[in-house]
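**Q** Sending over a structure as structure tokens; questions will come in a sec.
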Amino acid sequence: MHLNPYGADVVNLAADLANRRPATAAELADRCRAAGLTLERPVSPQDLDRALEALMAWEEVVDAADDEARAELLNRMLAAATAHPRLTDHAGTGWHLHYRDDAQPLGPLLFALISVGTALHLTGRGMHRLRRCTVAECTTIFADTSRTGRQRYCSQRCANRDAVRRHRARTPS
Ligand SMILES: [Zn+2]
Ligand SMILES: [Zn+2]
């Protein structure tokens, strides 16, 4: 289980799972593995339920009206999900920090990982760096990990779509 919560992987995984909710425990496991998580135990329907709860809470953090509300909602997630930080070298690959109890199933583990990863992302890179795409009919969530912190679109495709539209709006027909 080694996704570095200080990096971008955790918030990107949260956005991926929130944008397209996993339908089964097996799908949740596959997509977590694809994101780089090492799963140490079998994944159950209860893990899926807990993960979906985490994603629901996380989506409220994304849609919070301002920084204070965002911090408050995220603090609630942290309180519900995390344990005291501790040093561990459980895989023998190097000492690192866990913000959860040992030997957690995937559901609670994801809840803790997403809460901590998002807290580190927002405080480290900027409180505004979690949002939905600027294109009105695209509701895709993304974590802005760009250098400038001014990403407005979920994808190049949406950026192009909006550029064409703005160009058309300016061009007399
Ligand atoms: Zn670990
Ligand atoms: Zn978009």
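Order determines the names: the first chain of the structure tokens is A, the second B, and so forth; residues in each chain are numbered 1 upward, and ligands are numbered 1 upward as they are shown.
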Can you work out which residues are within 10 Å of ligand 1, considering only C-alpha atoms and all ligand atoms, and then hand them over as a count of residues only?

**A** 21

**Q** Got a sec to check which residues lie within 8 Å of ligand 2, using only C-alpha atoms and all ligand atoms, and send them as a list in words?

**A**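 What falls inside 8 Å of ligand 2 is Arg132, Cys133, Thr134, Val135, Glu137, Cys138, Thr139, Thr140, Tyr153, Cys154, Ser155, Arg157, Cys158 and Ala159 of chain A.
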
**Q** Enumerate as an NGL selection string all residues of stretch 20-157 of chain A assigned to alpha helix (DSSP H) by DSSP on the backbone, naming them with the chain letters and numbers the document uses.

**A** :A and (25-34 or 45-62 or 67-81 or 106-125 or 156-157)

**Q** As a ChimeraX atom specification, please: every residue in chain A that a backbone DSSP assignment puts in strand (DSSP E or B).

**A** /A:86-88,96-98,130-132,141-143

**Q** Please dump the current selection as a short mmCIF file (atom, residue, chain, number, x, y, z; two decimals), in the first residue's frame; keep C-alpha atoms.

**A**
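In the end it all went to part_30.cif:
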```cif
data_model
loop_
_atom_site.label_atom_id
_atom_site.label_comp_id
_atom_site.auth_asym_id
_atom_site.auth_seq_id
_atom_site.Cartn_x
_atom_site.Cartn_y
_atom_site.Cartn_z
CA ARG A 86 3.02 6.62 12.84
CA LEU A 87 6.25 5.52 11.26
CA THR A 88 6.19 2.18 9.50
CA HIS A 96 7.24 6.34 5.83
CA LEU A 97 4.26 7.84 7.64
CA HIS A 98 0.86 6.19 7.91
CA LEU A 130 -9.70 21.22 -6.42
CA ARG A 131 -12.62 21.97 -8.72
CA ARG A 132 -14.92 21.07 -11.56
CA ILE A 141 -13.74 17.01 -11.06
CA PHE A 142 -9.98 17.50 -11.23
CA ALA A 143 -7.12 18.30 -8.88
#
```

**Q** Would you list the contacts of A:Ala64 as a ChimeraX atom specification, taking every protein, DNA or RNA residue within 12 Å and counting only C-alpha atoms, but skipping same-chain residues closer than 4 positions in sequence?

**A** /A:57-60,68-74,127-128,130-132

**Q** Point out the residue among A:Asn75, A:Gln104, A:Gln151, A:Thr145 with the least atom-to-atom distance to A:Asp9, counting only C-alpha atoms.

**A** A:Thr145

**Q** Can you work out which one of A:Leu110, A:Met56, A:Val10, A:Ala79 has the shortest atom-to-atom distance to A:Ala29, counting only C-alpha atoms?

**A**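 Checking each candidate against A:Ala29, we get A:Leu110 as the closest.
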
**Q** What is the distance, in Å and to one decimal place, between atom CA of A:Asp16 and atom CA of A:Arg33?

**A**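 Going from atom CA of A:Asp16 over to atom CA of A:Arg33 covers 12.9 Å.
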
**Q** Which is closer to A:Tyr6 than all the others in A:Arg166, A:Arg147, A:His121, A:Arg76, using only C-alpha atoms?

**A** A:His121

**Q** To one decimal place in Å, what is the distance between atom CA of A:Ala51 and atom CA of A:Ala136?

**A**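 Between atom CA of A:Ala51 and atom CA of A:Ala136 the gap is 27.4 Å.
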
**Q** Quick one: distance from atom CA of A:Pro42 to atom CA of A:Leu106 in Å, one decimal?

**A**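 Between these atoms lies a distance of 8.4 Å.
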
**Q** Counting only C-alpha atoms, which of A:Ala169, A:Ala83, A:Ala65, A:Ala25 gets nearest to A:Ser115?

**A**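 Going through A:Ala169, A:Ala83, A:Ala65, A:Ala25 one by one, the smallest distance to A:Ser115 is for A:Ala83.
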